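Shown next: my_file18.csv, containing CSV, N, CA and C atoms.
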chain,number,residue,atom,x,y,z
M,26,MET,N,0.9,-1.2,0.0
M,26,MET,CA,0.0,0.0,0.0
M,26,MET,C,0.9,1.2,0.0
M,27,GLN,N,0.6,2.2,-0.9
M,27,GLN,CA,1.3,3.4,-1.0
M,27,GLN,C,0.5,4.5,-0.5
M,28,VAL,N,1.1,5.5,0.1
M,28,VAL,CA,0.3,6.7,0.5
M,28,VAL,C,1.1,7.9,0.0
M,29,SER,N,0.4,9.0,-0.4
M,29,SER,CA,1.0,10.1,-1.0
M,29,SER,C,0.1,11.3,-0.8
M,30,VAL,N,0.7,12.5,-0.8
M,30,VAL,CA,0.0,13.7,-0.9
M,30,VAL,C,-0.4,13.9,-2.4
M,31,VAL,N,-1.5,14.6,-2.6
M,31,VAL,CA,-1.9,14.9,-4.0
M,31,VAL,C,-1.7,16.4,-4.1
M,32,LEU,N,-0.9,16.8,-5.1
M,32,LEU,CA,-0.6,18.2,-5.3
M,32,LEU,C,-1.9,18.9,-5.8
M,33,PRO,N,-2.1,20.2,-5.4
M,33,PRO,CA,-3.3,20.8,-5.8
M,33,PRO,C,-3.7,20.8,-7.3
M,34,GLU,N,-2.7,20.8,-8.1
M,34,GLU,CA,-3.1,20.8,-9.6
M,34,GLU,C,-3.6,19.4,-10.0
M,35,TYR,N,-3.5,18.4,-9.2
M,35,TYR,CA,-4.0,17.1,-9.5
M,35,TYR,C,-5.3,16.7,-8.8
M,36,ILE,N,-5.9,17.6,-8.0
M,36,ILE,CA,-7.1,17.2,-7.2
M,36,ILE,C,-8.2,16.9,-8.2
M,37,GLU,N,-8.4,17.7,-9.2
M,37,GLU,CA,-9.5,17.4,-10.2
M,37,GLU,C,-9.4,16.1,-10.8
M,38,LEU,N,-8.1,15.7,-11.1
M,38,LEU,CA,-7.9,14.4,-11.7
M,38,LEU,C,-8.2,13.2,-10.8
M,39,VAL,N,-7.9,13.4,-9.5
M,39,VAL,CA,-8.1,12.3,-8.5
M,39,VAL,C,-9.5,12.3,-8.0
M,40,TRP,N,-10.2,13.4,-8.0
M,40,TRP,CA,-11.5,13.5,-7.3
M,40,TRP,C,-12.5,12.4,-7.7
M,41,PRO,N,-12.7,12.1,-9.0
M,41,PRO,CA,-13.6,11.0,-9.3
M,41,PRO,C,-13.4,9.7,-8.5
M,42,ASN,N,-12.1,9.5,-8.2
M,42,ASN,CA,-11.8,8.2,-7.5
M,42,ASN,C,-12.0,8.3,-6.0
M,43,ILE,N,-12.2,9.5,-5.4
M,43,ILE,CA,-12.4,9.6,-4.0
M,43,ILE,C,-13.7,10.3,-3.6
M,44,GLU,N,-14.4,10.7,-4.6
M,44,GLU,CA,-15.7,11.4,-4.3
M,44,GLU,C,-16.6,10.7,-3.4
M,45,GLN,N,-16.8,9.4,-3.7
M,45,GLN,CA,-17.7,8.6,-2.8
M,45,GLN,C,-17.2,8.5,-1.4
M,46,TYR,N,-15.9,8.5,-1.2
M,46,TYR,CA,-15.3,8.5,0.2
M,46,TYR,C,-15.6,9.8,0.9
M,47,MET,N,-15.5,10.9,0.1
M,47,MET,CA,-15.8,12.2,0.7
M,47,MET,C,-17.3,12.4,0.9
M,48,ILE,N,-18.1,11.8,0.1
M,48,ILE,CA,-19.6,11.9,0.4
M,48,ILE,C,-19.9,11.2,1.7
M,49,GLY,N,-19.2,10.0,1.9
M,49,GLY,CA,-19.4,9.3,3.2
M,49,GLY,C,-18.9,10.1,4.3
M,50,ALA,N,-17.7,10.7,4.2
M,50,ALA,CA,-17.2,11.5,5.3
M,50,ALA,C,-18.1,12.7,5.6
M,51,ALA,N,-18.6,13.3,4.6
M,51,ALA,CA,-19.5,14.5,4.7
M,51,ALA,C,-20.8,14.2,5.5
M,52,GLN,N,-21.3,13.0,5.4
M,52,GLN,CA,-22.5,12.6,6.1
M,52,GLN,C,-22.3,12.8,7.6
M,53,TYR,N,-21.1,12.6,8.1
M,53,TYR,CA,-20.9,12.7,9.5
M,53,TYR,C,-20.6,14.1,10.0
M,54,THR,N,-20.8,15.1,9.1
M,54,THR,CA,-20.7,16.5,9.5
M,54,THR,C,-22.1,17.1,9.7
M,55,TYR,N,-23.1,16.3,9.5
M,55,TYR,CA,-24.5,16.6,9.8
M,55,TYR,C,-24.9,18.0,9.2
M,56,ASN,N,-24.7,18.1,7.9
M,56,ASN,CA,-25.2,19.2,7.1
M,56,ASN,C,-24.2,20.4,7.2
M,57,ARG,N,-23.0,20.2,7.7
M,57,ARG,CA,-22.1,21.3,7.8
M,57,ARG,C,-21.3,21.4,6.4
M,58,PHE,N,-21.0,20.2,5.8
M,58,PHE,CA,-20.3,20.1,4.6
M,58,PHE,C,-20.9,19.1,3.7
M,59,ASN,N,-20.8,19.3,2.4
M,59,ASN,CA,-21.0,18.2,1.5
M,59,ASN,C,-19.7,17.9,0.7
M,60,ALA,N,-19.7,16.9,-0.2
M,60,ALA,CA,-18.5,16.6,-0.9
M,60,ALA,C,-18.0,17.7,-1.8
M,61,ASP,N,-18.9,18.5,-2.4
M,61,ASP,CA,-18.5,19.7,-3.2
M,61,ASP,C,-17.8,20.7,-2.3
M,62,ASP,N,-18.2,20.9,-1.1
M,62,ASP,CA,-17.6,21.8,-0.1
M,62,ASP,C,-16.2,21.4,0.2
M,63,ILE,N,-16.0,20.1,0.4
M,63,ILE,CA,-14.7,19.5,0.7
M,63,ILE,C,-13.8,19.7,-0.5
M,64,LYS,N,-14.2,19.5,-1.7
M,64,LYS,CA,-13.4,19.7,-2.9
M,64,LYS,C,-13.0,21.2,-3.0
M,65,LYS,N,-14.0,22.1,-2.8
M,65,LYS,CA,-13.7,23.5,-2.9
M,65,LYS,C,-12.6,23.9,-1.9
M,66,GLY,N,-12.7,23.3,-0.7
M,66,GLY,CA,-11.8,23.6,0.3
M,66,GLY,C,-10.4,23.2,-0.1
M,67,LEU,N,-10.3,22.1,-0.7
M,67,LEU,CA,-9.0,21.6,-1.1
M,67,LEU,C,-8.4,22.5,-2.2
M,68,ILE,N,-9.2,23.0,-3.1
M,68,ILE,CA,-8.8,23.8,-4.2
M,68,ILE,C,-8.5,25.2,-3.8
M,69,ASN,N,-9.3,25.8,-2.8
M,69,ASN,CA,-9.2,27.2,-2.5
M,69,ASN,C,-8.6,27.5,-1.2
M,70,SER,N,-8.2,26.6,-0.4
M,70,SER,CA,-7.6,26.9,0.9
M,70,SER,C,-6.3,26.0,1.1
M,71,PRO,N,-5.6,26.4,2.1
M,71,PRO,CA,-4.3,25.6,2.3
M,71,PRO,C,-4.5,24.3,3.0
M,72,GLN,N,-5.3,23.4,2.3
M,72,GLN,CA,-5.5,22.1,2.9
M,72,GLN,C,-4.7,21.1,2.0
M,73,GLN,N,-4.5,19.9,2.6
M,73,GLN,CA,-3.8,18.8,1.9
M,73,GLN,C,-4.7,17.6,1.7
M,74,LEU,N,-4.6,17.0,0.5
M,74,LEU,CA,-5.3,15.7,0.2
M,74,LEU,C,-4.2,14.6,0.2
M,75,TRP,N,-4.5,13.6,1.0
M,75,TRP,CA,-3.6,12.4,1.0
M,75,TRP,C,-4.4,11.2,0.6
M,76,ILE,N,-3.8,10.4,-0.2
M,76,ILE,CA,-4.5,9.2,-0.7
M,76,ILE,C,-3.7,7.9,-0.4
M,77,ALA,N,-4.4,6.8,-0.2
M,77,ALA,CA,-3.8,5.5,0.0
M,77,ALA,C,-4.2,4.7,-1.2
M,78,TYR,N,-3.2,4.1,-1.9
M,78,TYR,CA,-3.5,3.4,-3.2
M,78,TYR,C,-2.6,2.2,-3.3
M,79,ASP,N,-3.1,1.3,-4.2
M,79,ASP,CA,-2.4,0.1,-4.5
M,79,ASP,C,-2.9,-0.4,-5.8
M,80,GLU,N,-1.9,-0.7,-6.7
M,80,GLU,CA,-2.2,-1.2,-8.1
M,80,GLU,C,-3.3,-0.4,-8.8
M,81,GLY,N,-3.2,0.9,-8.8
M,81,GLY,CA,-4.1,1.7,-9.5
M,81,GLY,C,-5.4,2.0,-8.8
M,82,GLU,N,-5.7,1.4,-7.7
M,82,GLU,CA,-7.0,1.7,-7.0
M,82,GLU,C,-6.7,2.5,-5.7
M,83,ILE,N,-7.5,3.5,-5.5
M,83,ILE,CA,-7.4,4.4,-4.3
M,83,ILE,C,-8.3,3.8,-3.2
M,84,TYR,N,-7.8,3.4,-2.1
M,84,TYR,CA,-8.5,2.8,-1.0
M,84,TYR,C,-8.9,3.8,0.1
M,85,GLY,N,-8.3,4.9,0.2
M,85,GLY,CA,-8.6,5.9,1.2
M,85,GLY,C,-8.1,7.3,0.9
M,86,ALA,N,-8.7,8.3,1.6
M,86,ALA,CA,-8.4,9.7,1.4
M,86,ALA,C,-8.5,10.4,2.7
M,87,VAL,N,-7.6,11.3,3.0
M,87,VAL,CA,-7.6,12.1,4.2
M,87,VAL,C,-7.4,13.6,3.8
M,88,VAL,N,-8.2,14.5,4.4
M,88,VAL,CA,-8.0,15.9,4.1
M,88,VAL,C,-7.4,16.5,5.4
M,89,THR,N,-6.3,17.2,5.3
M,89,THR,CA,-5.7,17.8,6.5
M,89,THR,C,-5.5,19.3,6.3
M,90,GLU,N,-5.2,20.0,7.4
M,90,GLU,CA,-4.9,21.4,7.3
M,90,GLU,C,-4.1,21.8,8.5
M,91,ILE,N,-3.0,22.5,8.3
M,91,ILE,CA,-2.3,23.0,9.4
M,91,ILE,C,-3.0,24.2,10.1
M,92,ILE,N,-3.2,24.1,11.4
M,92,ILE,CA,-4.0,25.1,12.1
M,92,ILE,C,-3.0,25.7,13.2
M,93,GLU,N,-2.9,27.0,13.1
M,93,GLU,CA,-2.0,27.7,14.1
M,93,GLU,C,-2.9,28.4,15.1
M,94,TYR,N,-2.9,27.8,16.3
M,94,TYR,CA,-3.6,28.4,17.5
M,94,TYR,C,-2.6,29.3,18.1
M,95,PRO,N,-3.0,30.1,19.1
M,95,PRO,CA,-2.1,31.1,19.7
M,95,PRO,C,-0.9,30.4,20.4
M,96,GLN,N,-1.1,29.2,20.9
M,96,GLN,CA,-0.1,28.5,21.7
M,96,GLN,C,0.6,27.3,21.1
M,97,ILE,N,-0.2,26.6,20.1
M,97,ILE,CA,0.4,25.4,19.5
M,97,ILE,C,0.0,25.4,18.0
M,98,THR,N,0.6,24.6,17.3
M,98,THR,CA,0.3,24.4,15.9
M,98,THR,C,-0.1,22.9,15.7
M,99,THR,N,-1.2,22.7,15.0
M,99,THR,CA,-1.7,21.3,14.9
M,99,THR,C,-1.9,20.9,13.4
M,100,LEU,N,-1.9,19.6,13.2
M,100,LEU,CA,-2.3,19.2,11.9
M,100,LEU,C,-3.7,18.6,12.1
M,101,MET,N,-4.7,19.3,11.6
M,101,MET,CA,-6.1,18.9,11.7
M,101,MET,C,-6.5,17.9,10.6
M,102,MET,N,-7.0,16.7,11.0
M,102,MET,CA,-7.5,15.8,10.1
M,102,MET,C,-9.0,16.1,10.0
M,103,HIS,N,-9.4,16.8,8.9
M,103,HIS,CA,-10.8,17.2,8.7
M,103,HIS,C,-11.7,16.1,8.3
M,104,PHE,N,-11.3,15.3,7.2
M,104,PHE,CA,-12.1,14.3,6.6
M,104,PHE,C,-11.3,13.1,6.3
M,105,THR,N,-11.9,11.9,6.6
M,105,THR,CA,-11.3,10.7,6.3
M,105,THR,C,-12.3,9.8,5.7
M,106,GLY,N,-12.0,9.1,4.6
M,106,GLY,CA,-13.0,8.2,4.0
M,106,GLY,C,-12.2,7.1,3.2
M,107,GLY,N,-12.9,6.0,3.1
M,107,GLY,CA,-12.3,5.0,2.3
M,107,GLY,C,-12.8,3.6,2.6
M,108,GLN,N,-12.0,2.6,2.2
M,108,GLN,CA,-12.4,1.2,2.4
M,108,GLN,C,-11.1,0.5,2.8
M,109,LYS,N,-11.3,-0.7,3.5
M,109,LYS,CA,-10.2,-1.5,3.9
M,109,LYS,C,-9.2,-0.7,4.8
M,110,LEU,N,-9.7,0.1,5.7
M,110,LEU,CA,-8.8,0.9,6.6
M,110,LEU,C,-7.7,0.2,7.2
M,111,PRO,N,-7.8,-1.0,7.7
M,111,PRO,CA,-6.6,-1.7,8.3
M,111,PRO,C,-5.5,-1.8,7.4
M,112,ARG,N,-5.7,-1.8,6.1
M,112,ARG,CA,-4.6,-2.0,5.1
M,112,ARG,C,-3.8,-0.7,5.0
M,113,TRP,N,-4.4,0.5,5.2
M,113,TRP,CA,-3.7,1.7,4.9
M,113,TRP,C,-3.6,2.7,6.1
M,114,LYS,N,-4.2,2.3,7.2
M,114,LYS,CA,-4.2,3.3,8.4
M,114,LYS,C,-2.8,3.5,8.8
M,115,GLN,N,-2.0,2.5,9.1
M,115,GLN,CA,-0.6,2.7,9.6
M,115,GLN,C,0.3,3.5,8.7
M,116,PRO,N,0.4,3.1,7.4
M,116,PRO,CA,1.2,3.9,6.5
M,116,PRO,C,0.7,5.4,6.4
M,117,MET,N,-0.6,5.6,6.4
M,117,MET,CA,-1.1,7.0,6.3
M,117,MET,C,-0.7,7.7,7.6
M,118,LEU,N,-0.9,7.1,8.7
M,118,LEU,CA,-0.7,7.8,10.0
M,118,LEU,C,0.8,8.1,10.1
M,119,LYS,N,1.7,7.2,9.7
M,119,LYS,CA,3.1,7.5,9.7
M,119,LYS,C,3.5,8.7,8.8
M,120,LEU,N,2.9,8.8,7.6
M,120,LEU,CA,3.2,9.9,6.7
M,120,LEU,C,2.7,11.2,7.3
M,121,LEU,N,1.5,11.2,7.9
M,121,LEU,CA,0.9,12.4,8.5
M,121,LEU,C,1.7,12.8,9.7
M,122,GLN,N,2.2,11.9,10.5
M,122,GLN,CA,3.1,12.2,11.6
M,122,GLN,C,4.3,12.9,11.1
M,123,ARG,N,4.9,12.4,10.1
M,123,ARG,CA,6.2,12.9,9.5
M,123,ARG,C,5.9,14.3,9.0
M,124,PHE,N,4.8,14.5,8.2
M,124,PHE,CA,4.4,15.8,7.7
M,124,PHE,C,4.2,16.8,8.8
M,125,ALA,N,3.5,16.4,9.9
M,125,ALA,CA,3.2,17.3,11.0
M,125,ALA,C,4.5,17.7,11.7
M,126,LYS,N,5.4,16.7,11.9
M,126,LYS,CA,6.7,17.1,12.5
M,126,LYS,C,7.5,18.0,11.6
M,127,ASP,N,7.6,17.8,10.3
M,127,ASP,CA,8.3,18.6,9.4
M,127,ASP,C,7.7,20.0,9.3
M,128,HIS,N,6.5,20.2,9.7
M,128,HIS,CA,5.8,21.5,9.7
M,128,HIS,C,5.6,22.1,11.1
M,129,ASN,N,6.4,21.5,12.1
M,129,ASN,CA,6.5,22.0,13.4
M,129,ASN,C,5.1,22.0,14.2
M,130,CYS,N,4.3,21.0,13.8
M,130,CYS,CA,3.0,20.8,14.5
M,130,CYS,C,3.3,20.1,15.8
M,131,ASN,N,2.6,20.5,16.9
M,131,ASN,CA,2.7,19.9,18.2
M,131,ASN,C,1.9,18.6,18.3
M,132,ILE,N,0.8,18.5,17.6
M,132,ILE,CA,-0.1,17.4,17.7
M,132,ILE,C,-0.8,17.2,16.3
M,133,ILE,N,-1.4,16.1,16.2
M,133,ILE,CA,-2.4,15.8,15.1
M,133,ILE,C,-3.7,15.8,15.8
M,134,GLU,N,-4.7,16.5,15.3
M,134,GLU,CA,-6.0,16.6,16.0
M,134,GLU,C,-7.1,16.2,15.0
M,135,SER,N,-8.2,15.8,15.5
M,135,SER,CA,-9.4,15.5,14.7
M,135,SER,C,-10.6,15.5,15.5
M,136,TYR,N,-11.7,15.4,14.9
M,136,TYR,CA,-13.0,15.3,15.5
M,136,TYR,C,-13.8,14.3,14.7
M,137,GLY,N,-14.8,13.7,15.3
M,137,GLY,CA,-15.5,12.7,14.5
M,137,GLY,C,-16.4,11.9,15.4
M,138,ARG,N,-16.9,10.8,14.8
M,138,ARG,CA,-17.8,9.9,15.5
M,138,ARG,C,-17.0,9.1,16.5
M,139,PRO,N,-17.6,8.6,17.6
M,139,PRO,CA,-16.9,7.9,18.6
M,139,PRO,C,-16.1,6.7,18.2
M,140,GLY,N,-16.5,6.1,17.0
M,140,GLY,CA,-15.7,4.9,16.6
M,140,GLY,C,-14.3,5.1,16.3
M,141,TRP,N,-13.9,6.4,16.0
M,141,TRP,CA,-12.5,6.7,15.7
M,141,TRP,C,-11.6,6.4,17.0
M,142,GLY,N,-12.2,6.5,18.2
M,142,GLY,CA,-11.4,6.2,19.4
M,142,GLY,C,-10.9,4.8,19.3
M,143,LYS,N,-11.8,3.9,18.9
M,143,LYS,CA,-11.4,2.5,18.8
M,143,LYS,C,-10.3,2.3,17.7
M,144,VAL,N,-10.4,3.0,16.6
M,144,VAL,CA,-9.5,2.9,15.5
M,144,VAL,C,-8.1,3.3,15.9
M,145,PHE,N,-8.0,4.3,16.7
M,145,PHE,CA,-6.7,4.9,17.1
M,145,PHE,C,-6.2,4.5,18.5
M,146,LYS,N,-6.9,3.6,19.2
M,146,LYS,CA,-6.6,3.2,20.6
M,146,LYS,C,-5.2,2.8,20.8
M,147,ASN,N,-4.6,2.1,19.8
M,147,ASN,CA,-3.2,1.7,19.9
M,147,ASN,C,-2.2,2.7,19.4
M,148,ASP,N,-2.6,3.8,19.0
M,148,ASP,CA,-1.7,4.8,18.4
M,148,ASP,C,-1.5,6.0,19.3
M,149,GLY,N,-1.7,5.9,20.6
M,149,GLY,CA,-1.5,7.0,21.5
M,149,GLY,C,-2.7,8.0,21.6
M,150,TYR,N,-3.9,7.6,21.0
M,150,TYR,CA,-5.1,8.4,21.1
M,150,TYR,C,-5.5,8.6,22.5
M,151,LYS,N,-5.9,9.8,22.8
M,151,LYS,CA,-6.5,10.1,24.1
M,151,LYS,C,-7.7,11.1,23.9
M,152,GLU,N,-8.8,10.8,24.5
M,152,GLU,CA,-9.9,11.7,24.4
M,152,GLU,C,-9.7,12.9,25.3
M,153,VAL,N,-9.8,14.1,24.6
M,153,VAL,CA,-9.5,15.3,25.3
M,153,VAL,C,-10.9,16.0,25.7
M,154,PHE,N,-11.8,16.0,24.7
M,154,PHE,CA,-13.1,16.5,24.9
M,154,PHE,C,-14.0,15.9,23.9
M,155,LYS,N,-15.3,16.1,24.1
M,155,LYS,CA,-16.3,15.7,23.1
M,155,LYS,C,-17.0,16.9,22.6
M,156,PHE,N,-17.4,16.8,21.4
M,156,PHE,CA,-18.1,17.9,20.8
M,156,PHE,C,-19.6,17.6,20.9
M,157,TYR,N,-20.4,18.5,21.5
M,157,TYR,CA,-21.8,18.4,21.6
M,157,TYR,C,-22.6,19.4,20.8
M,158,GLU,N,-23.7,19.1,20.4
M,158,GLU,CA,-24.5,20.0,19.6
M,158,GLU,C,-25.9,20.0,20.2
M,159,LEU,N,-26.4,21.2,20.5
M,159,LEU,CA,-27.7,21.5,21.1
M,159,LEU,C,-28.6,22.2,20.2
M,160,PRO,N,-29.9,21.9,20.2
M,160,PRO,CA,-30.8,22.7,19.3
M,160,PRO,C,-31.0,24.1,19.8
M,161,VAL,N,-31.4,25.0,18.8
M,161,VAL,CA,-31.8,26.3,19.1
M,161,VAL,C,-33.3,26.3,19.0
M,162,GLU,N,-33.9,26.7,20.1
M,162,GLU,CA,-35.4,26.6,20.1
M,162,GLU,C,-36.0,27.9,20.6
Let's see the structure in the file written out as structure tokens.
Amino acid sequence: MQVSVVLPEYIELVWPNIEQYMIGAAQYTYNRFNADDIKKGLINSPQQLWIAYDEGEIYGAVVTEIIEYPQITTLMMHFTGGQKLPRWKQPMLKLLQRFAKDHNCNIIESYGRPGWGKVFKNDGYKEVFKFYELPVE
């Protein structure tokens, strides 16, 4: 399994192969984003698209962005989607960790459904807080 960043000029070329993954990821944003919004973000903002592929097939995609808070810098994993995650999780995580280190990030952060805690339990994951949503009435 290979993992690689996709240069911005190739996002349009790769997009048809990952669009379904991003549609799936967008479902868990609960109407905050759709796949087109994710694509526009990749094209128009300083985000990175990473893919996991083997023998011409893309198995997964991750969208990241370097976030500079007042006290720390993080690599935010905004969206993750794909299939056969156990095949590409570790190579992807190692590449993202190296990228984060090379860009002076203090941590990699993400938000998402509770199942991600199980996925990263052996990778040093710790739950810092949960995100809650309350209705406006």
* Best match for closeness to Ile63 of chain M among M:Ala125, M:Glu134, M:Asn147, M:Ala51, counting only N, CA and C atoms ->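 Of M:Ala125, M:Glu134, M:Asn147, M:Ala51, the one nearest Ile63 of chain M, counting only N, CA and C atoms, is M:Ala51.
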* Asked: atom N of Ser70 of chain M to atom CA of Gln108 of chain M: how many Å, to one decimal?
  -> 25.9 Å
* **Secondary structure check, strand (DSSP E) residues of segment 38-142 of chain M, as an MDAnalysis selection string** => chainID M and resid 72:79 82:93 98:107 132:135
* To do: For His103 of chain M, please output as an NGL selection string all residues within 9 Å (counting only C-alpha atoms; exclusion window: fewer than 4 positions along the same chain).
  => :M and (87-90 or 134-137)
Can you list every residue of segment 67-89 of chain M that has an atom at most 8 Å from segment 38-45 of chain M, with its nearest atom pair and the distance in Å to one decimal, using all atoms listed in the file, ordered by chain then number, as JSON lines?
{"residue": "M:Glu82", "atom": "C", "partner": "M:Asn42", "partner_atom": "CA", "distance": 7.9}
{"residue": "M:Ile83", "atom": "CA", "partner": "M:Asn42", "partner_atom": "C", "distance": 6.3}
{"residue": "M:Tyr84", "atom": "N", "partner": "M:Asn42", "partner_atom": "C", "distance": 7.5}
{"residue": "M:Gly85", "atom": "C", "partner": "M:Ile43", "partner_atom": "CA", "distance": 6.9}
{"residue": "M:Ala86", "atom": "CA", "partner": "M:Ile43", "partner_atom": "CA", "distance": 6.7}
* Between atom C of Ala50 of chain M and atom CA of Asn69 of chain M, what is the distance, to one decimal in Å? ->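 Taking atom C of Ala50 of chain M and atom CA of Asn69 of chain M, their separation equals 18.8 Å.
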* To do: With a distance cut-off of 8 Å and all atoms listed in the file, select the neighbouring residues of Lys126 of chain M, excluding the residue or stretch itself and same-chain residues fewer than 6 positions from it, and output the selection as a list of chain:residue names.
  => M:Leu100, M:Leu120, M:Ile132
* To do: Name the residues of chain M that come out as helix (DSSP H, G or I) in a backbone DSSP run; write them as a PyMOL selection string.
  => chain M and resi 33-52+60-69+110-127+140-144
* Rank nothing, just name the residue among M:Leu67, M:Thr99, M:Ile36, M:Ala77 nearest to Lys114 of chain M, using all atoms listed in the file. =>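 Using all atoms listed in the file, the shortest distance to Lys114 of chain M belongs to M:Ala77.
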* Just give me the gap between atom CA of Gly106 of chain M and atom CA of Tyr53 of chain M in Å, one decimal is fine. =>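 Atom-to-atom, atom CA of Gly106 of chain M and atom CA of Tyr53 of chain M are spaced 10.6 Å apart.
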* Structure fact -> Restricting to only C-alpha atoms, whichever of M:Asp79, M:Asn131, M:Leu32, M:Thr54 is closest to Gln96 of chain M is M:Asn131
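Closest approach to Glu80 of chain M among M:Val31, M:Met26, M:Val161, M:Ile133 is made by M:Met26 (distances from only N, CA and C atoms).
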